[in-house]
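Asker: One structure is given below, represented as structure tokens, and several questions about it will come after.
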Amino acid sequence: MDINKYAEDILSRNIKPYRELYFLSEVWLKYIIRKHVVEKGLKIAVYGYQNDADRFMTCLPPNCGNVKCVYARREDWLNRPGKEFHHPELIAEIAKYEIDKLVIVSDDLRYLLQMLLMNENISYEIVDVYELIKRLYKTVIAGSIATPLKDASKEYIKQLRMPEQKKYCDNYDAIVVKKYRAETAGSKMEKQYYLRELIISYLLIKDYKTAFFYIDCYTRLTGKRNNPFIQIKQEFLELFSRMKRELRAREQKDIIVFWCDALPHSDFKKYHFLEDVAKDSMVFENAYTHVPYTHTTIQAMFTGVPFFEGKMYRNVETPNMIRQSKTIDLLRKNCYQIGEVGAGYIKRKFAKMPNYSVRCSYPPASMELWESLAQLLKDENEKKFIICHMDGELHNPFWNGKSERLLLDPGRFLGDVAEYENQIKESARYVEEQILYYLDFLGENTCKIFMSDHGIGAPAYAERRLHAFCFVSDHHVKKGNFNEYFSYLNFYELLNYILHPTEDNLRKIFSEYVLIQNDHPYSEKYSEEILGKLKNKEDIRQKDWMGFRGIIKNGYKLVRYPQGEESWYDPADNEIEPEDIQDRELVQFMRDTAGDEFPDIYAEQHYIHTRKLYEKLQLDFKTNR
């Protein structure tokens, strides 16, 4: 059963495509400007990239003296998933314009700019030229308004074949803007238009729960006559009924890992995340990642090999899990098809609707959950092991589909996420809502593992970064809260217990301690950020960013650094001296077990930027080799 094909067919049959126009002629653009943009006595600013703004300005009526043109710099707006957007002062500057209208004339930045200005106290009207044309004339413009006709046609075809990769969850800034416009619409026709756009946006990211809510709002506003969304909702509900029947009838023991990226155990508890599901599950109160990054967590889970000892940094960008993975060997031995649904995979599964597209670097959680069900319903006689990796909402800037306003975090490695706590909570709630919606499709025979790969915060050692949440919902495993240590290096043992739930296999999951490690700052961007802080005369304590290795036992933590220093922490995570621990045998055991060997950064290609960083900081670890 191909549910992607069914879903696309429902939308194709019920949403009438807009008329496609490849180029906006100057005559028509001048008409639109005179009728809907320029008003006598009003001060107007035209904002966009130079080619768009210049063409717009040439179409203004004669003697239009109250219009000024402001060029947007591409470096301020492009290459962003939000992480590269370093200019919040730019938005503050635009917000202070003493004008009556701000006319946005470039497609690439229009939703993000409007969303950010909604967070400011602006007194002027925002005119989005593309949305204005689409709303009034039901026309889609491909490319920019400055694109020549022949290039526009080529660009349109190119976008259909390969949707443009834009920023982090591009759909979410559009959703925030459309939601705001629907709520503040001055007329029924305008409200109807933005509700329609909002519904389509949610349908395209497979957030059917919210789409159905707005379909009901649209129906109350417009009635049932000539309302395509009533039919869309009904057809999807019929599809869902069939999906539930087939999934609940599966006799195979499927395993789905609901991988909630970067959600620490502390937030899992504080937000009561999936609390009702966890109540009837096997809950690991002391689950710890090995190295607090996604790709290194995957390595640990699938190989069981410590990062430094196994020289896993040699394939950190493309983890070679297949060749040395006892976890995959276990799954294959038990006849499982293995799949991963995440940012690198599901983007090829976007719904391709005429005139509408989802453009983002990291797919929304709703799309990943939907695709996980799609994988289960393919090759229906096969057992499936699927990792559903949700990360878009749980990384900065923590965008989601429910917020009324969204902040944009610059994404600094060493930044403070405190001011985004409310947005982080909103995003976690949104992911939880989507998971619960799609859990209802699954049968009782499906084993569900809920987990985070690591926590959140700066690269320094912190309990919040290493202490993950993990619990298993499966009728065959032992229920309750387990306080013993569970390291992700033992993920193989957890799967082995799920497949063969004996008391002996249960005991193998746990250990008396967990090993923790952290790589050196190896990325160019990370290294540049550290040097930027040094240039600004900020404190760059080595412990805040340097690689480490350590151990956690009996609640105490030992963290060792490559220059020979060490830090100790008590169960409350307060830094202490080793002499404060009365059990001297425990201290010695932790030192002996943690180890003190680090990789040779001067010999490994992986550490090319690390070497440059340490050279500029005048750090020499050659004597430690």
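By convention here, the chains of the structure tokens are called A, B, ... in the order presented, each chain's residues are numbered starting at 1, and ligands are numbered starting at 1 in the order presented.
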Using only C-alpha atoms, find each residue of range 180-234 of chain A with at least one atom at most 12 Å away from an atom of range 408-430 of chain A; report its shortest atom-to-atom pair and that distance in Å (one decimal), sort the rows by chain and rising residue number, and return the result as a tab-separated table.

Answerer:
residue	atom	partner	partner_atom	distance
A:Asp207	CA	A:Tyr430	CA	10.3
A:Lys209	CA	A:Tyr430	CA	11.1
A:Thr210	CA	A:Tyr430	CA	10.5

Asker: Selected residues, C-alpha atoms, written as a PDB file, in the first residue's frame, please.

Answerer:
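Contents of again-v4.pdb, as written:
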ATOM      1  CA  ASP A 207       0.106  17.588   9.927  1.00  0.00           C
ATOM      2  CA  LYS A 209      -4.572  17.008  12.922  1.00  0.00           C
ATOM      3  CA  THR A 210      -4.032  20.751  12.563  1.00  0.00           C
TER       4      THR A 210
END

Asker: To test your reading of the structure, identify every residue in range 517-622 of chain A that backbone DSSP assigns to strand (DSSP E), and report it as a PyMOL selection string.

Answerer: chain A and resi 517-518+548-553+556-560+566-569+575-576

Asker: Can you pull out every residue within 9 Å of Asn66 in chain A, counting only C-alpha atoms, but drop anything in the same chain fewer than 6 positions away, and send it as a list in words?

Answerer: Lys40, Gly41, Leu42, Lys43, Ile44 and Ala45 of chain A

Asker: Pull C-alpha atoms from the residues just selected and write them as a short mmCIF file (atom, residue, chain, number, x, y, z; two decimals), in the first residue's frame.

Answerer:
data_model
loop_
_atom_site.label_atom_id
_atom_site.label_comp_id
_atom_site.auth_asym_id
_atom_site.auth_seq_id
_atom_site.Cartn_x
_atom_site.Cartn_y
_atom_site.Cartn_z
CA LYS A 40 -1.38 59.34 -2.44
CA GLY A 41 0.28 60.86 0.60
CA LEU A 42 1.64 57.59 1.99
CA LYS A 43 5.34 56.99 2.64
CA ILE A 44 6.44 53.64 1.20
CA ALA A 45 9.65 51.60 1.39
#

Asker: How many Å lie between CA of Thr222 in chain A and CA of Leu204 in chain A, rounded to one decimal?

Answerer: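 For CA of Thr222 in chain A relative to CA of Leu204 in chain A, the distance reads 22.1 Å.
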
Asker: Which of range 457-617 of chain A end up as alpha helix (DSSP H) when DSSP is run on this backbone - answer as a PyMOL selection string?

Answerer: chain A and resi 463-466+491-499+503-509+524-535+584-594+608-616

Asker: Given the choices A:Tyr488, A:Tyr614, A:Phe302, A:Phe240, which gets closest to Ile3 in chain A if the distance is worked out from only C-alpha atoms?

Answerer: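 Once distances to Ile3 in chain A are computed over only C-alpha atoms, the minimum belongs to A:Phe240.
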
Asker: Counting only C-alpha atoms, figure out which residue out of A:Leu495, A:Lys402, A:Ile551, A:Asn286 gets nearest to Asn334 in chain A.

Answerer: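 Closest to Asn334 in chain A of all the choices is A:Leu495.
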
Asker: Within 10 Å of range 557-563 of chain A, counting only C-alpha atoms, which residues show up once you throw out same-chain ones fewer than 5 positions away? Write them as a PyMOL selection string, please.

Answerer: chain A and resi 461+463+513-518+520+542-543+546-552+568-571+573-576+578+587+590-591+594-599+619-621+623-625

Asker: Write out as a ChimeraX atom specification which residues come within 9 Å of Ile435 in chain A when counting only C-alpha atoms, dropping same-chain ones fewer than 5 positions away.

Answerer: /A:258,274,365-366,369,430,440

Asker: May I have the selected residues written with C-alpha atoms, as an mmCIF file, in the first residue's frame?

Answerer:
data_model
loop_
_atom_site.group_PDB
_atom_site.id
_atom_site.type_symbol
_atom_site.label_atom_id
_atom_site.label_comp_id
_atom_site.auth_asym_id
_atom_site.auth_seq_id
_atom_site.Cartn_x
_atom_site.Cartn_y
_atom_site.Cartn_z
ATOM 1 C CA PHE A 258 11.041 7.448 17.803
ATOM 2 C CA LEU A 274 4.847 11.442 26.374
ATOM 3 C CA ALA A 365 8.306 15.724 12.416
ATOM 4 C CA SER A 366 4.846 15.103 10.939
ATOM 5 C CA LEU A 369 6.202 10.091 11.218
ATOM 6 C CA TYR A 430 4.266 19.999 19.025
ATOM 7 C CA ASP A 440 -2.959 5.717 17.162
#

Asker: Show me, as a short mmCIF file (atom, residue, chain, number, x, y, z; two decimals) with all heavy atoms, in the first residue's frame, the residues that have an atom within 9 Å of Ala468 in chain A when counting only C-alpha atoms, minus same-chain residues fewer than 3 positions from it.

Answerer:
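This went into result-v2.cif:
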data_model
loop_
_atom_site.label_atom_id
_atom_site.label_comp_id
_atom_site.auth_asym_id
_atom_site.auth_seq_id
_atom_site.Cartn_x
_atom_site.Cartn_y
_atom_site.Cartn_z
N ALA A 262 18.08 15.79 20.53
CA ALA A 262 18.47 16.91 21.40
C ALA A 262 17.44 17.27 22.47
O ALA A 262 17.29 18.43 22.82
CB ALA A 262 18.79 18.15 20.56
N LEU A 263 16.72 16.28 22.99
CA LEU A 263 15.77 16.53 24.06
C LEU A 263 16.30 15.88 25.34
O LEU A 263 16.25 14.65 25.48
CB LEU A 263 14.40 15.97 23.71
CG LEU A 263 13.26 16.31 24.67
CD1 LEU A 263 12.98 17.81 24.67
CD2 LEU A 263 11.99 15.55 24.31
N PRO A 264 16.85 16.65 26.27
CA PRO A 264 17.48 16.06 27.46
C PRO A 264 16.48 15.42 28.41
O PRO A 264 15.28 15.73 28.38
CB PRO A 264 18.17 17.26 28.11
CG PRO A 264 17.44 18.45 27.62
CD PRO A 264 16.95 18.11 26.24
N HIS A 265 16.98 14.56 29.25
CA HIS A 265 16.14 13.88 30.24
C HIS A 265 15.44 14.88 31.14
O HIS A 265 14.29 14.69 31.53
CB HIS A 265 17.01 12.93 31.07
CG HIS A 265 16.25 12.13 32.07
ND1 HIS A 265 16.04 12.57 33.37
CD2 HIS A 265 15.63 10.93 31.98
CE1 HIS A 265 15.33 11.66 34.02
NE2 HIS A 265 15.08 10.66 33.21
N SER A 266 16.14 15.97 31.48
CA SER A 266 15.54 16.98 32.37
C SER A 266 14.30 17.60 31.74
O SER A 266 13.29 17.83 32.41
CB SER A 266 16.57 18.07 32.71
OG SER A 266 17.06 18.67 31.52
N PHE A 268 12.47 16.15 29.31
CA PHE A 268 11.52 15.05 29.22
C PHE A 268 10.68 14.98 30.49
O PHE A 268 9.46 14.81 30.44
CB PHE A 268 12.31 13.75 29.01
CG PHE A 268 11.52 12.49 29.26
CD1 PHE A 268 10.50 12.11 28.42
CD2 PHE A 268 11.82 11.67 30.34
CE1 PHE A 268 9.77 10.94 28.64
CE2 PHE A 268 11.12 10.51 30.58
CZ PHE A 268 10.09 10.14 29.73
N GLU A 285 15.71 5.49 33.75
CA GLU A 285 15.90 6.78 34.41
C GLU A 285 17.33 7.30 34.25
O GLU A 285 17.58 8.49 34.37
CB GLU A 285 15.56 6.67 35.91
CG GLU A 285 14.10 6.37 36.20
CD GLU A 285 13.20 7.55 35.90
OE1 GLU A 285 13.69 8.62 35.48
OE2 GLU A 285 11.97 7.41 36.07
N ASN A 286 18.27 6.40 33.99
CA ASN A 286 19.67 6.80 33.87
C ASN A 286 20.26 6.31 32.55
O ASN A 286 21.24 5.56 32.52
CB ASN A 286 20.48 6.27 35.05
CG ASN A 286 20.24 7.08 36.32
OD1 ASN A 286 20.54 8.27 36.38
ND2 ASN A 286 19.68 6.43 37.33
N ALA A 287 19.62 6.74 31.47
CA ALA A 287 20.14 6.47 30.13
C ALA A 287 21.11 7.59 29.75
O ALA A 287 20.78 8.77 29.88
CB ALA A 287 19.01 6.38 29.11
N TYR A 288 22.30 7.21 29.29
CA TYR A 288 23.32 8.20 28.93
C TYR A 288 23.86 7.93 27.54
O TYR A 288 24.14 6.79 27.18
CB TYR A 288 24.48 8.17 29.93
CG TYR A 288 24.18 8.89 31.23
CD1 TYR A 288 23.52 8.23 32.27
CD2 TYR A 288 24.52 10.23 31.41
CE1 TYR A 288 23.23 8.89 33.45
CE2 TYR A 288 24.23 10.89 32.60
CZ TYR A 288 23.58 10.22 33.61
OH TYR A 288 23.29 10.88 34.78
N THR A 289 24.00 9.03 26.79
CA THR A 289 24.69 8.92 25.52
C THR A 289 26.18 8.78 25.77
O THR A 289 26.67 9.08 26.87
CB THR A 289 24.39 10.14 24.64
OG1 THR A 289 24.86 9.90 23.32
CG2 THR A 289 25.06 11.40 25.18
N MET A 451 13.23 7.81 22.46
CA MET A 451 14.55 8.18 22.99
C MET A 451 15.00 9.53 22.44
O MET A 451 14.49 10.02 21.43
CB MET A 451 15.59 7.13 22.58
CG MET A 451 15.70 6.92 21.08
SD MET A 451 17.14 5.98 20.59
CE MET A 451 18.42 7.22 20.78
N SER A 452 15.95 10.11 23.14
CA SER A 452 16.72 11.23 22.60
C SER A 452 18.15 10.76 22.44
O SER A 452 18.58 9.82 23.12
CB SER A 452 16.65 12.45 23.53
OG SER A 452 17.14 12.14 24.82
N ASP A 453 18.88 11.39 21.54
CA ASP A 453 20.27 10.98 21.34
C ASP A 453 21.22 11.69 22.28
O ASP A 453 22.27 11.17 22.63
CB ASP A 453 20.69 11.20 19.89
CG ASP A 453 20.36 12.61 19.39
OD1 ASP A 453 19.70 13.36 20.12
OD2 ASP A 453 20.76 12.94 18.26
N HIS A 454 20.85 12.90 22.67
CA HIS A 454 21.69 13.69 23.58
C HIS A 454 20.85 14.85 24.07
O HIS A 454 19.69 15.01 23.67
CB HIS A 454 22.96 14.19 22.86
CG HIS A 454 22.68 14.97 21.61
ND1 HIS A 454 22.31 16.29 21.61
CD2 HIS A 454 22.68 14.59 20.31
CE1 HIS A 454 22.12 16.71 20.38
NE2 HIS A 454 22.32 15.69 19.56
N GLY A 455 21.44 15.67 24.91
CA GLY A 455 20.72 16.83 25.43
C GLY A 455 21.05 18.08 24.65
O GLY A 455 21.30 18.04 23.44
N ARG A 464 23.02 17.91 31.42
CA ARG A 464 21.92 18.19 30.49
C ARG A 464 22.26 17.75 29.06
O ARG A 464 21.38 17.53 28.25
CB ARG A 464 21.63 19.70 30.54
CG ARG A 464 20.46 20.18 29.69
CD ARG A 464 20.18 21.62 30.04
NE ARG A 464 19.36 22.31 29.05
CZ ARG A 464 18.04 22.26 28.98
NH1 ARG A 464 17.38 21.53 29.86
NH2 ARG A 464 17.38 22.94 28.07
N ARG A 465 23.53 17.64 28.74
CA ARG A 465 23.95 17.22 27.40
C ARG A 465 24.03 15.71 27.27
O ARG A 465 23.86 15.15 26.19
CB ARG A 465 25.32 17.80 27.04
CG ARG A 465 25.34 19.30 26.84
CD ARG A 465 26.66 19.73 26.25
NE ARG A 465 26.77 19.27 24.87
CZ ARG A 465 27.87 18.75 24.34
NH1 ARG A 465 28.94 18.57 25.08
NH2 ARG A 465 27.89 18.39 23.07
#

Asker: So, with only C-alpha atoms as the atoms that count, which of A:Asn381, A:Phe450, A:Gly304, A:Lys311 lies closest to Trp259 in chain A?

Answerer: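 Closest to Trp259 in chain A, using only C-alpha atoms: A:Phe450.
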
Asker: Would you mind reading off the distance between CA of Ile205 in chain A and CA of Thr184 in chain A, one decimal, in Å?

Answerer: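 Separation of CA of Ile205 in chain A and CA of Thr184 in chain A: 23.9 Å.
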
Asker: As a list in words, please: the residues near Val472 in chain A (cut-off 10 Å, only C-alpha atoms, same-chain neighbours under 6 positions excluded).

Answerer: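 Counting only the stated atoms, we get Val257, Val277, Ala278, Asp280, Ser281, Met282, Val283, Phe284, Cys447, Lys448, Ile449, Phe450, Met451, Lys478, Lys479, Leu494 and Ile498 of chain A.
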
Asker: Write to file, as a tab-separated table (two decimals), in the first residue's frame, the residues of the selection just made, with C-alpha atoms.

Answerer:
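Printed below is result.tsv as written:
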chain	number	residue	atom	x	y	z
A	257	VAL	CA	12.59	4.02	17.21
A	277	VAL	CA	2.84	6.43	27.16
A	278	ALA	CA	5.81	6.12	29.54
A	280	ASP	CA	3.00	1.69	30.95
A	281	SER	CA	6.54	1.22	29.62
A	282	MET	CA	10.06	0.16	30.49
A	283	VAL	CA	11.64	3.47	31.52
A	284	PHE	CA	15.39	4.03	31.85
A	447	CYS	CA	7.51	-2.34	19.70
A	448	LYS	CA	8.07	1.38	20.20
A	449	ILE	CA	11.36	2.80	21.51
A	450	PHE	CA	11.20	6.47	22.49
A	451	MET	CA	14.55	8.18	22.99
A	478	LYS	CA	9.30	-5.73	31.83
A	479	LYS	CA	7.42	-2.57	32.84
A	494	LEU	CA	18.45	-3.62	24.62
A	498	ILE	CA	13.34	-6.92	23.07

Asker: Take CA of Ile122 in chain A and CA of Ala92 in chain A and report the distance between them in Å, one decimal.

Answerer: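 So the answer is 9.7 Å.
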
Asker: I need the residue nearest Asp108 in chain A from this list: A:Lys269, A:Arg507, A:Arg73, A:Arg181. Use only C-alpha atoms for the distance.

Answerer: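 Nearest to Asp108 in chain A: A:Arg73.
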
Asker: Hey, which of A:Tyr214, A:Tyr202, A:Phe273, A:Tyr172 ends up closest to Arg405 in chain A? Count only C-alpha atoms.

Answerer: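 Ranking A:Tyr214, A:Tyr202, A:Phe273, A:Tyr172 by distance to Arg405 in chain A, first place goes to A:Tyr172.
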
Asker: Using only C-alpha atoms, can you tell me which of A:Leu499, A:Leu489, A:Ile200, A:Cys69 comes closest to Lys253 in chain A?

Answerer: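 That would be A:Leu499, the residue with the smallest distance to Lys253 in chain A.
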